[in-house]
Amino acid sequence: MTLRAMISQPMAGKSKEEILSTRSKAVATLEAMGYDVVNTYFNDEWVEQQDMQERGIENIPVYFLARSLERMASCHAVYFCIGWENTRGCRAEHKIAKDYGLKIIYEGQLEAEHETHENK
């Protein structure tokens, strides 16, 4: 069975480069754990605000949350990047992942566990 995970990360106020750098590290961590990463970085034609408004999307943050939740349905785990607790979308994803029994992985958690094992 292929294990799949998605990444939940704060994006508001961050540059595309910051987002992609954080995402790249998360992908490497998840792949090292044996997960296939489900893409939740939406950069297709729908992301332009004017295009979304023309299609009748009134609440853009809810639109992106809905797309993420759709992808979450195919996942076994969700990886939460540092700062997730400070954003509405990540908090909503966290609550849903927890309530529906997905494995929750926190950025830095694995590194801390690794350091603990090395110090024994």
# chains A, B, ... in the order shown; residues from 1 in each chain; ligands from 1
>>> select_by_dssp(residues="region 9-61 of chain A", states="strand (DSSP E or B)", output="compact mmCIF listing (two decimals) with all heavy atoms, in the first residue's frame")
# COMPACT_ATOMS: atom_id res chain seq x y z
N TYR A 35 6.48 8.30 2.36
CA TYR A 35 5.22 8.84 1.85
C TYR A 35 5.36 9.39 0.44
O TYR A 35 6.40 9.95 0.09
CB TYR A 35 4.73 10.00 2.74
CG TYR A 35 4.20 9.57 4.08
CD1 TYR A 35 5.02 9.61 5.21
CD2 TYR A 35 2.89 9.14 4.23
CE1 TYR A 35 4.54 9.22 6.45
CE2 TYR A 35 2.40 8.76 5.47
CZ TYR A 35 3.23 8.80 6.57
OH TYR A 35 2.74 8.42 7.80
N ASP A 36 4.30 9.23 -0.33
CA ASP A 36 4.14 10.00 -1.56
C ASP A 36 3.44 11.28 -1.14
O ASP A 36 2.49 11.25 -0.35
CB ASP A 36 3.25 9.26 -2.57
CG ASP A 36 3.96 8.11 -3.26
OD1 ASP A 36 5.21 8.05 -3.19
OD2 ASP A 36 3.27 7.28 -3.86
N VAL A 37 3.89 12.41 -1.66
CA VAL A 37 3.33 13.70 -1.27
C VAL A 37 2.26 14.12 -2.26
O VAL A 37 2.49 14.17 -3.46
CB VAL A 37 4.42 14.77 -1.15
CG1 VAL A 37 3.82 16.12 -0.77
CG2 VAL A 37 5.47 14.35 -0.12
N VAL A 38 1.08 14.39 -1.72
CA VAL A 38 -0.05 14.87 -2.51
C VAL A 38 0.09 16.38 -2.64
O VAL A 38 0.23 17.09 -1.63
CB VAL A 38 -1.39 14.49 -1.82
CG1 VAL A 38 -2.57 15.09 -2.55
CG2 VAL A 38 -1.51 12.97 -1.74
>>> residues_around(residues="Gly83 (chain A)", least_positions_apart="6", cutoff="9 Å", atoms="only C-alpha atoms", output="JSON, numbers by chain")
{"A": [9, 10, 90]}
>>> closest_residue(among="A:Ser74, A:Phe80, A:Leu69, A:Gln53", to="Val27 (chain A)", atoms="only C-alpha atoms")
A:Phe80
>>> select_by_dssp(residues="region 7-120 of chain A", states="alpha helix (DSSP H)", output="NGL selection string")
:A and (16-32 or 49-54 or 60-72 or 88-99 or 109-118)
>>> closest_residue(among="A:Leu102, A:Ala5, A:Cys75, A:Ile96", to="Ala28 (chain A)", atoms="only C-alpha atoms")
A:Ala5
>>> residues_around(residues="Met6 (chain A)", least_positions_apart="6", cutoff="8 Å", atoms="only C-alpha atoms", output="MDAnalysis selection string")
chainID A and resid 37:40 71:72 75 77:79
>>> atom_distance(atom1="CA of Cys81 (chain A)", atom2="CA of Met33 (chain A)")
15.8 Å
>>> closest_residue(among="A:Ile60, A:Leu3, A:Ile105, A:Leu65", to="Arg91 (chain A)", atoms="only C-alpha atoms")
A:Leu65
>>> atom_distance(atom1="CA of Tyr100 (chain A)", atom2="CA of His76 (chain A)")
10.2 Å
>>> closest_residue(among="A:Thr2, A:Thr22, A:Ser8, A:Thr29", to="Arg88 (chain A)", atoms="only C-alpha atoms")
A:Ser8
>>> residues_around(residues="Leu20 (chain A)", least_positions_apart="6", cutoff="10 Å", atoms="only C-alpha atoms", output="list in words")
Met11, Lys14, Ala26 and Tyr41 of chain A
>>> atom_distance(atom1="CA of Pro61 (chain A)", atom2="CA of Gly89 (chain A)")
7.6 Å
>>> closest_residue(among="A:Met52, A:Ala73, A:Ile19, A:Ala97", to="Arg4 (chain A)", atoms="only C-alpha atoms")
A:Ala73
